[in-house]
Each structure stands twice: as structure tokens, then as C-alpha cells.
file run.cif (mmCIF, C-alpha atoms)
data_entry
loop_
_atom_site.label_atom_id
_atom_site.label_comp_id
_atom_site.auth_asym_id
_atom_site.auth_seq_id
_atom_site.Cartn_x
_atom_site.Cartn_y
_atom_site.Cartn_z
CA MET A 1 -20.35 -34.72 4.41
CA ALA A 2 -20.44 -35.74 8.04
CA ALA A 3 -21.63 -33.17 10.55
CA ILE A 4 -19.14 -31.66 12.97
CA PRO A 5 -19.94 -32.96 16.47
CA LYS A 6 -21.12 -30.37 18.97
CA GLY A 7 -18.56 -29.69 21.65
CA SER A 8 -15.71 -29.76 19.13
CA THR A 9 -13.05 -27.17 18.51
CA VAL A 10 -13.07 -25.96 14.92
CA VAL A 11 -10.17 -24.52 12.94
CA LEU A 12 -10.81 -22.52 9.79
CA VAL A 13 -7.87 -22.04 7.43
CA GLY A 14 -8.25 -19.51 4.64
CA THR A 15 -5.86 -20.15 1.77
CA ARG A 16 -5.18 -18.79 -1.69
CA LYS A 17 -7.09 -21.78 -3.05
CA GLY A 18 -10.07 -22.24 -0.79
CA LEU A 19 -11.14 -22.70 2.80
CA TYR A 20 -10.18 -25.75 4.86
CA VAL A 21 -12.13 -26.70 7.98
CA PHE A 22 -10.80 -29.01 10.69
CA HIS A 23 -12.39 -30.19 13.92
CA SER A 24 -11.43 -32.09 17.01
CA ARG A 25 -13.09 -33.20 20.24
CA ASP A 26 -9.87 -33.35 22.22
CA ARG A 27 -7.58 -30.96 20.32
CA LYS A 28 -5.21 -33.89 19.78
CA ARG A 29 -6.55 -35.63 16.69
CA TRP A 30 -7.87 -33.39 13.93
CA ARG A 31 -10.31 -34.37 11.23
CA SER A 32 -11.01 -32.54 8.01
CA ALA A 33 -14.57 -31.32 7.50
CA GLY A 34 -13.74 -30.47 3.92
CA ARG A 35 -12.48 -27.91 1.47
CA PHE A 36 -14.77 -25.12 0.33
CA PHE A 37 -14.62 -22.39 -2.34
CA ASP A 38 -12.16 -24.45 -4.36
CA GLY A 39 -9.58 -22.32 -6.10
CA LEU A 40 -10.74 -19.02 -4.59
CA PRO A 41 -8.70 -16.87 -2.19
CA VAL A 42 -10.19 -16.83 1.30
CA HIS A 43 -8.55 -13.98 3.19
CA HIS A 44 -10.35 -14.58 6.46
CA ALA A 45 -12.89 -16.96 7.94
CA LEU A 46 -14.15 -17.41 11.46
CA TYR A 47 -16.79 -19.18 13.49
CA VAL A 48 -18.72 -16.98 15.92
CA PRO A 49 -20.06 -19.20 18.70
CA ASP A 50 -22.49 -16.55 20.01
CA GLU A 51 -24.09 -16.33 16.57
CA ARG A 52 -23.77 -20.05 15.85
CA THR A 53 -22.55 -18.94 12.44
CA ALA A 54 -19.32 -18.94 10.48
CA TYR A 55 -18.35 -16.23 8.01
CA ALA A 56 -15.81 -16.31 5.20
CA ALA A 57 -14.32 -13.53 3.07
CA VAL A 58 -14.15 -15.11 -0.39
CA ASN A 59 -12.39 -12.99 -2.99
CA SER A 60 -12.52 -13.96 -6.62
CA THR A 61 -10.06 -12.29 -8.94
CA HIS A 62 -12.65 -12.50 -11.69
CA TRP A 63 -15.96 -12.00 -9.93
CA GLY A 64 -15.14 -9.83 -6.95
CA ALA A 65 -15.59 -10.13 -3.21
CA THR A 66 -18.32 -11.92 -1.30
CA VAL A 67 -19.04 -12.75 2.31
CA GLN A 68 -20.41 -16.25 2.80
CA ARG A 69 -21.90 -17.80 5.91
CA SER A 70 -22.57 -21.22 7.33
CA ARG A 71 -24.34 -22.66 10.35
CA THR A 72 -22.78 -26.10 9.98
CA LEU A 73 -19.38 -25.25 8.48
CA THR A 74 -20.05 -27.84 5.81
CA LYS A 75 -22.66 -25.99 3.76
CA TRP A 76 -22.12 -22.33 2.87
CA VAL A 77 -24.53 -19.65 1.70
CA ARG A 78 -23.48 -16.56 -0.21
CA GLY A 79 -24.71 -13.19 1.03
CA LYS A 80 -27.08 -11.62 -1.50
CA GLU A 81 -24.82 -8.60 -2.04
CA GLY A 82 -21.16 -8.21 -1.20
CA PRO A 83 -19.95 -4.93 0.31
CA ALA A 84 -19.88 -2.26 -2.41
CA TYR A 85 -18.94 1.39 -2.66
CA ALA A 86 -21.33 3.88 -4.19
CA LYS A 87 -20.56 4.57 -7.82
CA ALA A 88 -19.84 8.23 -7.05
CA THR A 89 -16.86 7.35 -4.87
CA GLY A 90 -14.97 5.99 -7.86
CA TRP A 91 -13.82 3.05 -5.73
CA SER A 92 -14.66 -0.59 -6.14
CA VAL A 93 -14.31 -3.25 -3.47
CA ALA A 94 -11.50 -5.56 -4.58
CA LYS A 95 -11.25 -7.79 -1.50
CA VAL A 96 -12.80 -8.35 1.88
CA TRP A 97 -9.89 -8.71 4.30
CA ASN A 98 -11.61 -9.14 7.62
CA VAL A 99 -15.03 -10.10 8.91
CA ARG A 100 -15.96 -9.48 12.50
CA ALA A 101 -19.06 -9.92 14.63
CA SER A 102 -19.59 -7.38 17.37
CA PRO A 103 -20.06 -8.99 20.80
CA ALA A 104 -21.95 -5.95 22.10
CA GLU A 105 -24.27 -5.84 19.07
CA PRO A 106 -25.85 -9.25 18.52
CA GLY A 107 -26.60 -9.86 14.86
CA VAL A 108 -24.28 -7.13 13.61
CA LEU A 109 -21.41 -7.96 11.29
CA TYR A 110 -18.55 -5.78 10.06
CA ALA A 111 -16.35 -6.20 7.00
CA GLY A 112 -13.05 -4.49 6.30
CA VAL A 113 -12.27 -4.11 2.63
CA GLU A 114 -9.73 -2.99 0.05
CA PRO A 115 -9.56 -0.17 -0.89
CA ALA A 116 -9.81 0.65 2.76
CA GLY A 117 -13.31 0.96 4.09
CA LEU A 118 -15.56 -0.43 6.78
CA PHE A 119 -18.98 -1.92 6.09
CA ARG A 120 -21.74 -2.95 8.50
CA SER A 121 -24.47 -5.55 8.03
CA GLU A 122 -27.53 -6.13 10.16
CA ASP A 123 -28.89 -9.05 8.11
CA ASP A 124 -26.17 -11.66 8.40
CA GLY A 125 -24.24 -10.36 5.42
CA ASP A 126 -27.05 -10.14 2.88
CA SER A 127 -26.64 -6.37 2.54
CA TRP A 128 -23.98 -3.91 3.68
CA GLU A 129 -23.84 -0.25 4.57
CA LEU A 130 -20.64 1.77 4.31
CA ILE A 131 -19.56 3.55 7.48
CA ASP A 132 -18.69 6.58 5.45
CA ALA A 133 -17.38 8.83 8.21
CA LEU A 134 -14.18 6.78 8.09
CA THR A 135 -13.70 7.08 4.34
CA LYS A 136 -14.57 10.79 4.63
CA HIS A 137 -11.84 11.30 7.24
CA PRO A 138 -9.81 14.43 6.41
CA THR A 139 -6.70 12.30 5.94
CA ARG A 140 -8.33 10.08 3.28
CA PRO A 141 -6.75 11.88 0.29
CA LYS A 142 -3.34 10.97 1.71
CA TRP A 143 -4.07 7.26 2.19
CA SER A 144 -1.90 5.22 -0.15
CA PRO A 145 -1.40 1.48 -0.42
CA GLY A 146 1.53 -0.51 0.88
CA ASN A 147 2.73 -3.77 -0.58
CA GLY A 148 -0.32 -5.55 0.81
CA GLY A 149 -2.76 -3.13 -0.75
CA LEU A 150 -4.80 -0.35 0.83
CA CYS A 151 -6.66 -2.72 3.09
CA LEU A 152 -8.67 -2.31 6.25
CA HIS A 153 -7.52 -5.55 7.81
CA THR A 154 -8.41 -5.34 11.48
CA ILE A 155 -11.74 -4.56 13.14
CA LEU A 156 -11.82 -4.47 16.92
CA PRO A 157 -15.26 -3.73 18.33
CA ASP A 158 -15.28 -3.03 22.05
CA PRO A 159 -16.79 -6.17 23.58
CA LYS A 160 -18.85 -4.13 26.06
CA ASN A 161 -19.49 -0.76 24.44
CA PRO A 162 -21.01 -0.89 20.93
CA LYS A 163 -20.10 2.75 20.34
CA ARG A 164 -16.37 2.07 20.53
CA MET A 165 -14.27 0.44 17.84
CA ILE A 166 -10.69 0.42 16.57
CA VAL A 167 -9.68 -0.40 13.01
CA GLY A 168 -6.28 -0.90 11.39
CA ILE A 169 -5.45 0.12 7.84
CA SER A 170 -2.24 -1.05 6.21
CA ALA A 171 0.23 1.74 5.36
CA VAL A 172 -2.15 4.31 6.88
CA GLY A 173 -2.57 3.67 10.59
CA VAL A 174 -5.06 3.03 13.35
CA PHE A 175 -8.38 4.82 13.77
CA ALA A 176 -10.84 4.82 16.65
CA THR A 177 -14.46 5.79 17.08
CA GLU A 178 -16.35 6.33 20.30
CA ASP A 179 -19.71 7.23 18.78
CA GLY A 180 -20.59 4.17 16.75
CA GLY A 181 -18.66 5.21 13.66
CA GLY A 182 -20.01 8.76 13.41
CA THR A 183 -16.58 10.28 13.91
CA TRP A 184 -13.08 8.82 13.85
CA ARG A 185 -9.74 9.94 15.24
CA THR A 186 -6.29 8.67 14.43
CA LEU A 187 -4.75 6.50 17.11
CA ASN A 188 -1.08 6.59 16.22
CA ARG A 189 0.52 8.50 19.08
CA GLY A 190 3.76 6.79 20.05
CA MET A 191 4.09 4.94 16.75
CA ARG A 192 7.10 5.22 14.51
CA ALA A 193 7.23 5.67 10.75
CA GLU A 194 10.89 5.55 9.86
CA TRP A 195 10.08 5.73 6.18
CA PHE A 196 9.00 9.39 6.47
CA PRO A 197 11.36 12.27 7.09
CA LYS A 198 8.67 13.98 9.17
CA GLU A 199 8.96 12.75 12.71
CA LYS A 200 5.30 12.51 13.69
CA PRO A 201 3.06 12.29 10.65
CA GLU A 202 -0.65 11.95 11.37
CA ILE A 203 -0.90 8.92 9.07
CA GLY A 204 1.47 6.71 7.08
CA TYR A 205 2.04 4.11 9.78
CA CYS A 206 1.86 0.45 8.95
CA PRO A 207 -0.12 -1.67 11.37
CA HIS A 208 0.03 -5.31 10.31
CA LYS A 209 -2.33 -6.77 12.92
CA LEU A 210 -4.02 -5.69 16.15
CA ALA A 211 -5.77 -7.59 18.92
CA ARG A 212 -7.44 -6.62 22.17
CA ASP A 213 -6.17 -7.98 25.44
CA GLY A 214 -8.13 -11.04 26.58
CA GLU A 215 -9.23 -9.43 29.84
CA ASP A 216 -8.86 -5.67 29.49
CA PRO A 217 -10.29 -4.42 26.17
CA SER A 218 -8.71 -1.00 26.68
CA VAL A 219 -5.34 -2.66 26.10
CA VAL A 220 -4.54 -3.37 22.46
CA TYR A 221 -1.51 -5.13 21.00
CA GLN A 222 -0.16 -4.26 17.60
CA GLN A 223 2.32 -5.98 15.31
CA HIS A 224 3.52 -3.00 13.35
CA HIS A 225 5.88 -2.96 10.39
CA GLY A 226 8.57 -1.69 12.74
CA GLY A 227 7.85 -3.29 16.09
CA VAL A 228 5.31 -4.71 18.48
CA PHE A 229 3.39 -2.12 20.48
CA ARG A 230 0.83 -1.96 23.27
CA TRP A 231 -1.90 0.66 23.52
CA ASP A 232 -3.27 1.56 26.89
CA ASP A 233 -6.17 4.01 27.12
CA ARG A 234 -4.80 5.39 30.36
CA ALA A 235 -1.43 6.15 28.78
CA ASP A 236 -3.14 7.35 25.59
CA ARG A 237 -0.22 6.21 23.47
CA TRP A 238 1.47 3.19 21.93
CA VAL A 239 4.39 1.78 23.88
CA ASP A 240 7.10 -0.22 22.10
CA ILE A 241 7.20 -3.72 23.61
CA SER A 242 9.58 -5.23 21.03
CA ARG A 243 12.45 -5.67 23.49
CA GLY A 244 13.28 -9.35 23.77
CA LEU A 245 12.11 -10.22 20.27
CA PRO A 246 14.72 -11.21 17.65
CA SER A 247 13.11 -8.96 15.04
CA LYS A 248 10.71 -6.07 15.19
CA PHE A 249 9.13 -7.19 11.93
CA GLY A 250 6.27 -9.63 11.61
CA PHE A 251 2.72 -9.76 10.35
CA ALA A 252 0.59 -11.86 12.68
CA LEU A 253 -0.47 -11.32 16.26
CA ALA A 254 -2.99 -13.01 18.54
CA ALA A 255 -4.06 -12.26 22.07
CA GLY A 256 -4.54 -14.99 24.62
CA ALA A 257 -7.54 -15.39 26.88
CA ASP A 258 -5.65 -14.28 29.97
CA GLY A 259 -4.82 -10.65 30.61
CA GLY A 260 -1.38 -9.66 29.36
CA SER A 261 -1.08 -12.65 27.05
CA ALA A 262 -0.15 -12.30 23.37
CA TYR A 263 1.65 -14.20 20.62
CA VAL A 264 3.72 -13.07 17.64
CA VAL A 265 5.95 -14.72 15.03
CA PRO A 266 8.94 -12.47 14.29
CA LEU A 267 10.14 -12.54 10.70
CA ARG A 268 13.33 -11.33 9.12
CA GLY A 269 12.39 -7.82 8.08
CA ASP A 270 11.52 -6.23 6.09
CA PHE A 271 12.33 -7.50 2.60
CA ASP A 272 12.90 -11.18 3.44
CA ARG A 273 9.79 -11.87 5.52
CA THR A 274 10.65 -15.40 6.57
CA THR A 275 11.26 -16.94 9.97
CA LEU A 276 14.76 -16.43 11.31
CA GLY A 277 16.18 -19.84 10.40
CA GLU A 278 13.70 -21.83 12.43
CA MET A 279 10.04 -21.62 13.26
CA ALA A 280 9.57 -19.85 16.60
CA VAL A 281 6.52 -18.32 18.21
CA TYR A 282 7.01 -15.71 20.92
CA ARG A 283 4.65 -15.40 23.86
CA THR A 284 4.25 -12.72 26.45
CA ARG A 285 2.27 -13.15 29.65
CA SER A 286 3.20 -9.72 30.93
CA ALA A 287 1.71 -7.44 28.28
CA GLY A 288 5.02 -7.29 26.49
CA ARG A 289 7.37 -6.69 29.39
CA SER A 290 9.08 -9.98 28.56
CA TRP A 291 8.81 -12.63 25.84
CA GLN A 292 9.31 -16.39 25.83
CA ARG A 293 10.59 -18.18 22.74
CA LEU A 294 8.48 -21.24 21.90
CA THR A 295 9.95 -23.86 19.56
CA ALA A 296 9.11 -27.32 20.92
CA GLY A 297 7.61 -29.30 18.06
CA LEU A 298 8.19 -26.58 15.47
CA PRO A 299 10.42 -27.24 12.45
CA LYS A 300 14.10 -26.39 12.16
CA PRO A 301 15.58 -25.26 9.90
CA ALA A 302 12.60 -23.36 8.56
CA HIS A 303 12.19 -20.31 6.41
CA LEU A 304 8.45 -19.84 6.59
CA THR A 305 6.17 -16.87 6.13
CA ILE A 306 3.22 -16.20 8.40
CA LEU A 307 0.85 -13.55 7.09
CA ARG A 308 -1.21 -11.07 9.08
CA GLU A 309 -4.10 -13.45 9.82
CA GLY A 310 -1.77 -16.38 10.34
CA LEU A 311 -2.12 -16.60 14.14
CA GLY A 312 -5.29 -17.51 15.99
CA ALA A 313 -6.28 -18.49 19.51
CA ASP A 314 -9.31 -20.53 20.49
CA GLY A 315 -10.02 -18.84 23.83
CA GLN A 316 -10.13 -22.11 25.73
CA ASP A 317 -8.35 -23.10 28.93
CA PRO A 318 -5.63 -24.20 28.47
CA LEU A 319 -5.26 -21.98 25.47
CA GLY A 320 -5.09 -23.39 21.97
CA VAL A 321 -2.99 -21.32 19.56
CA TYR A 322 -2.79 -21.95 15.82
CA VAL A 323 -0.26 -20.79 13.24
CA ALA A 324 -0.82 -21.07 9.50
CA THR A 325 2.05 -20.61 7.05
CA GLU A 326 2.33 -19.53 3.47
CA GLN A 327 4.00 -22.91 2.92
CA GLY A 328 0.77 -24.70 3.79
CA GLN A 329 1.33 -25.93 7.33
CA VAL A 330 -1.00 -25.35 10.27
CA PHE A 331 0.66 -25.75 13.66
CA PHE A 332 -1.20 -25.86 16.95
CA THR A 333 -0.59 -25.98 20.64
CA ARG A 334 -3.14 -26.91 23.28
CA ASP A 335 -1.07 -25.85 26.23
CA GLY A 336 -0.51 -22.20 25.55
CA GLY A 337 2.56 -22.78 23.39
CA ASP A 338 4.81 -25.14 25.34
CA ARG A 339 4.40 -27.92 22.80
CA TRP A 340 3.39 -27.67 19.12
CA ASP A 341 2.16 -30.17 16.57
CA LEU A 342 0.56 -30.19 13.13
CA VAL A 343 -3.13 -29.83 12.35
CA ALA A 344 -2.36 -30.17 8.66
CA GLU A 345 0.34 -29.67 6.06
CA ASN A 346 0.63 -29.46 2.28
CA LEU A 347 -2.27 -27.05 2.03
CA PRO A 348 -2.23 -24.18 -0.46
CA PRO A 349 -0.55 -21.01 0.84
CA ALA A 350 -2.43 -20.11 4.00
CA MET A 351 -3.56 -16.55 4.62
CA SER A 352 -5.60 -16.95 7.79
CA VAL A 353 -6.38 -19.25 10.66
CA THR A 354 -9.01 -18.91 13.36
CA ALA A 355 -10.21 -21.35 15.96
CA SER A 356 -13.10 -21.50 18.38
CA PRO A 357 -15.40 -23.81 20.25
CA PHE A 358 -18.26 -25.28 18.22
CA PRO A 359 -20.96 -25.48 20.91
CA MET B 1 -32.35 -11.98 -25.61
CA ASP B 2 -30.21 -14.86 -24.45
CA VAL B 3 -27.57 -14.20 -21.84
CA VAL B 4 -25.13 -17.08 -21.53
CA LEU B 5 -23.61 -17.38 -18.07
CA PRO B 6 -20.27 -18.97 -17.16
CA ALA B 7 -20.26 -21.93 -14.80
CA ALA B 8 -19.15 -19.77 -11.88
CA LEU B 9 -22.28 -17.60 -12.08
CA ARG B 10 -24.90 -20.25 -12.73
CA GLU B 11 -25.59 -20.65 -9.01
CA TYR B 12 -27.12 -17.16 -9.17
CA ALA B 13 -29.61 -18.36 -11.79
CA ARG B 14 -30.54 -21.60 -10.03
CA GLY B 15 -28.16 -23.53 -12.25
CA ALA B 16 -29.30 -22.16 -15.61
CA GLY B 17 -26.59 -21.72 -18.23
CA THR B 18 -28.69 -19.38 -20.35
CA VAL B 19 -31.22 -16.85 -19.07
CA GLN B 20 -33.49 -14.35 -20.77
CA GLY B 21 -32.74 -10.65 -20.34
CA LYS B 22 -34.56 -7.47 -21.34
CA GLY B 23 -33.29 -3.98 -22.04
CA ARG B 24 -31.93 -1.60 -24.64
CA THR B 25 -28.45 -1.46 -23.17
CA LEU B 26 -26.18 -3.99 -21.56
CA ALA B 27 -26.58 -2.08 -18.27
CA ALA B 28 -30.36 -2.43 -18.51
CA VAL B 29 -30.10 -6.14 -19.25
CA LEU B 30 -27.86 -6.67 -16.23
CA ALA B 31 -30.27 -4.66 -14.07
CA ASP B 32 -33.12 -6.81 -15.32
CA LEU B 33 -31.23 -9.98 -14.49
CA ASP B 34 -30.21 -8.64 -11.09
CA ALA B 35 -33.84 -8.06 -10.18
CA ARG B 36 -34.49 -11.76 -10.67
CA PHE B 37 -31.08 -13.10 -9.65
CA PRO B 38 -29.85 -10.81 -6.85
CA GLY B 39 -26.12 -10.27 -6.76
CA LEU B 40 -25.47 -11.32 -10.35
CA ARG B 41 -24.77 -7.78 -11.60
CA GLN B 42 -22.22 -7.22 -8.85
CA ARG B 43 -20.24 -10.19 -10.11
CA VAL B 44 -20.00 -8.74 -13.62
CA LEU B 45 -19.54 -5.03 -12.85
CA GLU B 46 -17.21 -3.10 -10.60
CA ASP B 47 -18.81 -0.81 -8.03
CA THR B 48 -18.01 1.99 -10.46
CA GLY B 49 -20.39 0.41 -12.97
CA THR B 50 -17.81 -0.74 -15.50
CA VAL B 51 -17.22 -4.34 -16.55
CA ARG B 52 -14.79 -6.06 -14.19
CA GLN B 53 -11.16 -6.20 -15.27
CA TYR B 54 -11.07 -9.97 -15.73
CA VAL B 55 -14.54 -10.39 -17.19
CA ASN B 56 -15.23 -10.37 -20.89
CA VAL B 57 -18.59 -9.67 -22.49
CA PHE B 58 -19.35 -10.73 -26.04
CA LEU B 59 -22.32 -9.46 -28.06
CA ASN B 60 -23.33 -11.79 -30.86
CA GLY B 61 -19.84 -13.28 -30.71
CA ASP B 62 -17.94 -9.99 -30.80
CA HIS B 63 -15.91 -8.83 -27.83
CA VAL B 64 -17.42 -5.72 -26.25
CA GLU B 65 -14.53 -3.27 -25.81
CA GLU B 66 -16.65 -0.53 -24.24
CA PRO B 67 -16.26 -0.83 -20.43
CA ASP B 68 -19.41 1.17 -19.64
CA PRO B 69 -22.40 -1.16 -20.12
CA ALA B 70 -24.77 1.81 -20.32
CA ARG B 71 -23.13 2.69 -23.65
CA VAL B 72 -23.54 -0.77 -25.16
CA ARG B 73 -26.77 -0.91 -27.19
CA VAL B 74 -28.53 -4.28 -27.47
CA LYS B 75 -31.78 -5.45 -29.07
CA ASP B 76 -34.15 -8.39 -29.06
CA GLY B 77 -32.60 -11.46 -30.62
CA ASP B 78 -29.07 -10.60 -29.53
CA THR B 79 -26.97 -13.09 -27.61
CA VAL B 80 -24.73 -11.92 -24.79
CA HIS B 81 -21.95 -14.14 -23.49
CA ILE B 82 -20.33 -13.40 -20.13
CA LEU B 83 -16.98 -15.13 -19.72
CA PRO B 84 -14.02 -15.00 -17.35
CA SER B 85 -10.84 -13.88 -19.05
CA VAL B 86 -8.07 -16.42 -19.29
CA ALA B 87 -5.72 -15.94 -16.38
CA GLY B 88 -2.41 -17.58 -16.99
CA GLY B 89 0.71 -17.33 -19.01
#
call {"tool": "encode", "arguments": {"input": "run.cif", "output": "C-alpha cells"}}
result
Amino acid sequence: MAAIPKGSTVVLVGTRKGLYVFHSRDRKRWRSAGRFFDGLPVHHALYVPDERTAYAAVNSTHWGATVQRSRTLTKWVRGKEGPAYAKATGWSVAKVWNVRASPAEPGVLYAGVEPAGLFRSEDDGDSWELIDALTKHPTRPKWSPGNGGLCLHTILPDPKNPKRMIVGISAVGVFATEDGGGTWRTLNRGMRAEWFPKEKPEIGYCPHKLARDGEDPSVVYQQHHGGVFRWDDRADRWVDISRGLPSKFGFALAAGADGGSAYVVPLRGDFDRTTLGEMAVYRTRSAGRSWQRLTAGLPKPAHLTILREGLGADGQDPLGVYVATEQGQVFFTRDGGDRWDLVAENLPPAMSVTASPFP
Amino acid sequence: MDVVLPAALREYARGAGTVQGKGRTLAAVLADLDARFPGLRQRVLEDTGTVRQYVNVFLNGDHVEEPDPARVRVKDGDTVHILPSVAGG
């Protein structure tokens, strides 16, 4: 298999039937670097330029969850042990939902799993240690799965402070640590949970995806089951920024490289979960104060589903944004969203897309 | 004893389809194999120590119904098959 040229942009698409890797020098013409993990669900995969390594969450229904890595993106190596709970917990890792390197901790890798838990590796994914203060949180007995499972799906290390991290757990809520995982507090103030009669439960919220602002890491965007929200440390609460969107419901969210920039794909909520008649991405450049509807080059009519990892940005200038659908398309823009085109179509149902430079 | 591996797990044993295992229980045999082929046990057993839901173990051709491998006695000369269950309909 031909090597991916240095200086390319790479796009990793995790599907229910394997991982697909694409690359391009100009972000106009895309080439396939191959399909990997044939037939296996890949919930998340990403290339980490600082580590010169890619990681993939490969989840076999039969054989369990593994994290695999690659320097070249064309040859993958399985970690010696996948994340695993201690026998005494009575839990067993069913899936790895999210893998994340920590910019402030070179060589450190985190994995979010189902049932919800956070694991840390210091040896490139060969062994994993549970961050057990999270799973020993006093609210843990009340955690219960939503339709997507009891999954820890988002890991947001602070890019400058290794002691600070935010995680999102489906049907439970958002948690934060400021002491490297030793203690955790819920971070749900300002959220809504219309499915509970109690107005302000401590947990039971349903974050679908979170991302830090591209410039100010204290600002976090959240696509929640019931709206899009922005967290600001100074305000110490979530603020509903859904106004201007055609639906509060959606799964995916990505932040742009510029401050105040984020992307979502509203879906008809919350039992339909398809695009509202046509494929439209919504962009804010004002931290959610207003939204622009982006449709140029996107299909119409279209009833597509974009899952929680289905939006990715490549961090380049101008920004490349990528959308992967459960119907097997991968759309991209290389101008921040003004014009869209296809990277690929007719793939298996896509669960994740990430993109980054391949230096 | 012989332990026959499915195609999906042969990469753990450097491509071998059959490996030799030692132990008086299935759990001990898997621990023995894991010492030589790291990660193999985790593919067969849940974190709780029971056989994975969609994995079947056969001992001398008979399906092992007991989910706890520590309670499955084995002896020299036995043959253990590890197979994925059929997923379909």
C-alpha cells in the first residue's frame, strides 16, 4: 500500500464495518489509503500530529474492545491490552467510544468507554489504568444508559493545564476535574432535562457531543439532546445558544480553529433523527449568538443521520470541515463551510470522522 | 492440551491455529496462554472473568455451558476449541 505523502491532510472515517482512510495534498482531490479492520465497528479514530500517531477504537461484538495505533495510517498495531475494569466492579468494557491525546501531557492517551468510564495510558495504548474517582462519584449508582448506551463519549483535556479535563457521559451529564482526575464535579448548571419532573437534577442530562472553543479553552460547546449550549467558566453555567437553529436536536458538534466558531447538524428530534428534508450544516462565528445555514453542494432532498462523532474539523486555515453520515457519505468543505463536496460515498454506515494535517 | 483458535485470534499466537496450553481449569489454561500471547485472554473473557457473550468454548467437542472458566476442569490430552458464535438470523 502506497505511503501517504507528508504534508497531506488525512481523513479517518470510522464505520460499522471498518476504518477508511483518505488523504489529499490540496484538499480538492481525495485518495483512499485503504480500509482497515474489515467488518469491525470503529467508533472513533484520529491522527494526532504532535504524537505522529493515529489511534482507533475498534470494537468487536465477539471479541471486545481494543485500541489500535499506527504511525503510517496504513499499518496498524493492536495495543497489548484493551481498557478493562477490575473484576470486582462487575463491569466489563463493551466499547471504546472515544480516544484522545492530551496536548499538555505528551505521550498520554485517554479512552472513554461503555459502560461509562475513563482510562489513561502512558505507553501508547499498550496498558490502561482506570481513573476510578470518576466511576466512584457519588452519583454513579444513579447513572443509567440512554438509547446510545451508558457511554463516556467525549474527553476534553485542557490544552494548557494537564490537571483540568471535562468529560461527557450520555444520559448522565458532564463532569469536570481540576486535579488530574482525583476528584470530579458535575458540570450541568444551566442544562435542561425535560424528561425528569424534578427541575434541576444533579445528573440525568444527555450531552451528545462537546468541543472546546478553538481559541479559548474555557469556552465549551455542547450539542445536548435538547439544545446547543455554551459553557463559559466566568459565567459558571451553560447558556442555551439554540436560537436560530431549526431544531434543538442533533448529535454531532465540532469547533472551528477561530474563537467563537462551531458547527452542528440539526436533526429532526427526537425520535426521527434525520436531517430536516435536506442536508444542512449550521455554523456560528459568534459563539452561538447567531447561526448561518450552509447548504451549497449538500444534497436535497436528504433524510440523513449524522451521529455524535460525525463532524470533524482539520484545524487548518481556511478551515476544513468534514461530515460523515450513517448513509455512508463523507462531505467536506475547505473554505469553512461555504461550499461542500464529497470525499467519498457508498461507505458502510459512518460513526465518526476526524481530519488533521499529516506532517 | 491443544487449544484451537479461531482465525480472528490467530494474530495473537503469531498465526498459529492450534497452541499448547497448561492448567487444571479453563481459567488456568487461558492464563497460561495469556502469559505467552498477551491480550488473548481478554478477547475470550469479559472483564468479570466469564466467557464473552458471543464466544463459545468447546471441550473435547462438547459445548461448555459453564460461564465461569475457573469452574471448568480440564486435563492433559483434552482439546479446547474457541469459536465465535454465529451472529445472524
call {"tool": "resolve_selection", "arguments": {"input": "run.cif", "expression": "the PyMOL selection byres ((chain B) within 6 of (chain A))", "output": "PyMOL selection string"}}
result
chain B and resi 39+43+46-48+54
call {"tool": "residues_near_point", "arguments": {"input": "run.cif", "point": "(-30.4, -5.9, -18.9)", "cutoff": "10 Å", "atoms": "all atoms listed in the file", "output": "MDAnalysis selection string"}}
result
chainID B and resid 1 3 20:35 41 69:70 74
call {"tool": "residues_around", "arguments": {"input": "run.cif", "residues": "stretch 182-198 of chain A", "least_positions_apart": "3", "cutoff": "7 Å", "atoms": "only C-alpha atoms", "output": "list in words"}}
result
Ala133, Leu134, Gly173, Val174, Phe175, Ala176, Thr177, Asp179, Pro201, Gly204, Tyr205, Arg237, Trp238 and Val239 of chain A
call {"tool": "atom_distance", "arguments": {"input": "run.cif", "atom1": "atom CA of A:Val99", "atom2": "atom CA of A:Glu202"}}
result
26.4 Å
call {"tool": "resolve_selection", "arguments": {"input": "run.cif", "expression": "the PyMOL selection byres ((chain B and resi 68) around 7)", "output": "list of chain:residue names"}}
result
B:Gly49, B:Thr50, B:Val51, B:Glu66, B:Pro67, B:Pro69, B:Ala70, B:Arg71
call {"tool": "residues_near_point", "arguments": {"input": "run.cif", "point": "(-18.4, -24.6, 12.4)", "cutoff": "6 Å", "atoms": "only C-alpha atoms", "output": "list in words"}}
result
Tyr47, Thr72, Leu73 and Phe358 of chain A
call {"tool": "resolve_selection", "arguments": {"input": "run.cif", "expression": "the PyMOL selection byres ((chain A and resi 328-345) around 7)", "output": "JSON, numbers by chain"}}
result
{"A": [27, 30, 294, 296, 297, 298, 318, 319, 320, 321, 322, 323, 324, 325, 326, 327, 346, 347, 348, 349, 350]}
call {"tool": "residues_around", "arguments": {"input": "run.cif", "residues": "B:Val57", "least_positions_apart": "5", "cutoff": "7 Å", "atoms": "only C-alpha atoms", "output": "number ranges by chain"}}
result
B: 63-64, 80-83
call {"tool": "closest_residue", "arguments": {"input": "run.cif", "among": "A:Val96, A:Met1, A:Ala57, A:Val219", "to": "A:Asp158", "atoms": "all atoms listed in the file"}}
result
A:Val219
call {"tool": "atom_distance", "arguments": {"input": "run.cif", "atom1": "atom CA of A:His137", "atom2": "atom CA of A:Ile203"}}
result
11.3 Å
call {"tool": "axis_aligned_box", "arguments": {"input": "run.cif", "around": "stretch 300-308 of chain A", "padding_each_side": "4 Å", "output": "lines of an AutoDock Vina configuration file"}}
result
center_x = 7.2
center_y = -18.7
center_z = 9.1
size_x = 24.8
size_y = 23.3
size_z = 14.0
call {"tool": "closest_residue", "arguments": {"input": "run.cif", "among": "A:Lys75, A:Ser8, A:His44, A:Ala252", "to": "A:Lys28", "atoms": "all atoms listed in the file"}}
result
A:Ser8
call {"tool": "residues_around", "arguments": {"input": "run.cif", "residues": "A:Leu150", "least_positions_apart": "3", "cutoff": "8 Å", "atoms": "all atoms listed in the file", "output": "JSON, numbers by chain"}}
result
{"A": [114, 115, 116, 143, 144, 145, 146, 169, 170, 171]}
call {"tool": "residues_around", "arguments": {"input": "run.cif", "residues": "stretch 265-269 of chain A", "least_positions_apart": "4", "cutoff": "7 Å", "atoms": "only C-alpha atoms", "output": "MDAnalysis selection string"}}
result
chainID A and resid 246:250 252 273:276 280:282
call {"tool": "atom_distance", "arguments": {"input": "run.cif", "atom1": "atom CA of A:Arg120", "atom2": "atom CA of A:Thr139"}}
result
21.6 Å
call {"tool": "closest_residue", "arguments": {"input": "run.cif", "among": "A:Val13, A:Ala45, A:Ala255, A:Ala302", "to": "A:Glu278", "atoms": "only C-alpha atoms"}}
result
A:Ala302
call {"tool": "residues_around", "arguments": {"input": "run.cif", "residues": "A:Gly277", "least_positions_apart": "5", "cutoff": "9 Å", "atoms": "only C-alpha atoms", "output": "MDAnalysis selection string"}}
result
chainID A and resid 300:304
call {"tool": "closest_residue", "arguments": {"input": "run.cif", "among": "B:Asp78, B:Leu45, B:Pro38, B:Leu5", "to": "B:Gly61", "atoms": "all atoms listed in the file"}}
result
B:Asp78
